[in-house]
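Participant: Quick one: the structure is below, and I'll ask about it shortly.
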Amino acid sequence: MHANLTTNDKRQNMKSSKQWMLAAILILCGASFTSCKDKNTANSQLLEVYDVQGSSAKARLTVDGKVLFVTDVFIGKNGIGKTGEGDAKTPTGTLRPLSAFGIKPNPGTKMPYKDITPSTFACDEDCEYYNTIIDTAVVHHPCKGEEMYSYQPQYNYGIETDFNKECIYPKGSAIFVHVKGTKGYTGGCIAFDEDKMVEILKNCDMSLVITVKE
C-alpha cells in the first residue's frame with residue numbers, strides 16, 4: 001500500500017509524524033518540569049527573622065508554601081550584625097542547620113538529634129574544638145565554654161547552625177536557634193517559646209533555611 005503513496009503524501013506523513021513527535025517531547029518536558037518544580041516547592045522550609053527592634057524581632061515559619069506561625073522572638077542583646085566572639089549580636093544573612101539538640105528527648109524531628117548531657121559543652125575557646133558542640137567525657141577537653149546542660153529551659157530544644165562553619169577563632173561561636181530564657185535577649189542566638197521550637201523541629205529537616213534581616 002505504501003508503494004502507491006505519492007511523493008506529496010509521503011511528505012505529509014513525515015510532517016505529521018514530526019509534529020506528533022514534537023508534541024510528545026513538549027508534553028514530557030512539561031511534565032518533568034512541573035514534577036521538579038512541585039518537588040522543590042514541597043521541600044520548601046523557611047524560617048525568617050525580621051522586623052528587628054533592639055533585642056527582639058518577628059519570626060515566620062513557612063513549610064510547603066504554608067505559613068505555620070508568626071511569633072515574637074529574642075535575638076542578641078546588641079541586635080544584629082555579628083562581627084566576632086562576644087559581641088552579643090545575631091548574625092545577618094542565611095543560616096543552615098547542622099543538627100538539632102536538646103536536654104529533653106527528641107520531639108520527632110527528622111534532623112540528626114544530639115542529646116545534651118552534663119558533659120556537653122559548646123566550646124568558645126581558641127582550640128581545635130572552637131565553635132563545636134562536644135562531649136567532654138569523650139574528647140577529654142577541660143572546656144571552659146558553655147556547659148549546655150545548665151542552660152534550662154534554653155537548651156531544652158535547639159538547632160545548631162552553620163555560622164562560622166570553618167570554625168575560625170574568634171569569628172563567633174554557638175549560634176543556635178533555641179528556647180527562650182528568662183531574659184529578653186540572647187548572646188547572639190534566636191530564641192523561641194518552647195512550643196514554637198518544638199513545632200519547628202517537628203516540621204523541618206536539614207533542608208531548612210534560616211534568614212535574618214532588618
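Residue numbering restarts at 1 for every chain of the C-alpha cells, chains are lettered A, B, ... in their displayed order, and ligands are numbered from 1 as they appear.
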Show me, as a list in words, the residues that have an atom within 12 Å of Ile103 of chain A when counting only C-alpha atoms, minus same-chain residues fewer than 4 positions from it.
Facilitator: Pro107, Tyr113, Lys114, Asp115, Ile116, Thr117, Pro118, Ser119, Thr120, Glu147, Met148, Tyr149, Ser150, Tyr151, Gln152, Pro153, Gln154, Tyr155, Asn156, Tyr157, Gly158, His178 and Val179 of chain A
Participant: Determine, counting only C-alpha atoms, which protein, DNA and RNA residues have an atom within 12 Å of an atom of Gly54 of chain A; residues of the same chain fewer than 4 positions away are not included. Present the result as a PyMOL selection string.
Facilitator: chain A and resi 50+58+73-81+88-90+184-186+214
Participant: Could you pull out the strand (DSSP E or B) residues of segment 21-159 of chain A from DSSP and send them as a ChimeraX atom specification?
Facilitator: /A:45-53,56-63,66-74,76,80,90,93-95,97-102,113-115,120-122,133-135,146-147,158-159
Participant: Just list the residues in segment 97-162 of chain A DSSP gives alpha helix (DSSP H) on the backbone, as number ranges by chain.
Facilitator: A: 136-139
Participant: Write out, as a JSON list (two decimals), in the first residue's frame, the residues just selected, with N, CA and C atoms.
Facilitator:
```json
[["chain", "number", "residue", "atom", "x", "y", "z"],
["A", 136, "THR", "N", 32.63, 16.38, 76.61],
["A", 136, "THR", "CA", 33.95, 16.42, 77.24],
["A", 136, "THR", "C", 34.34, 15.06, 77.84],
["A", 137, "ALA", "N", 33.36, 14.22, 78.13],
["A", 137, "ALA", "CA", 33.66, 12.88, 78.65],
["A", 137, "ALA", "C", 34.27, 11.99, 77.57],
["A", 138, "VAL", "N", 34.04, 12.38, 76.31],
["A", 138, "VAL", "CA", 34.57, 11.60, 75.19],
["A", 138, "VAL", "C", 35.89, 12.18, 74.68],
["A", 139, "VAL", "N", 35.93, 13.51, 74.50],
["A", 139, "VAL", "CA", 37.14, 14.14, 73.94],
["A", 139, "VAL", "C", 38.17, 14.53, 75.01]]
```
Participant: Figure out the distance between atom CA of Val177 of chain A and atom CA of Met111 of chain A, please, to one decimal in Å.
Facilitator: 13.5 Å
Participant: Using only C-alpha atoms, which of the listed residues (A:Arg96, A:Lys202, A:Lys180, A:Lys82) sits closest to Leu46 of chain A?
Facilitator: A:Arg96
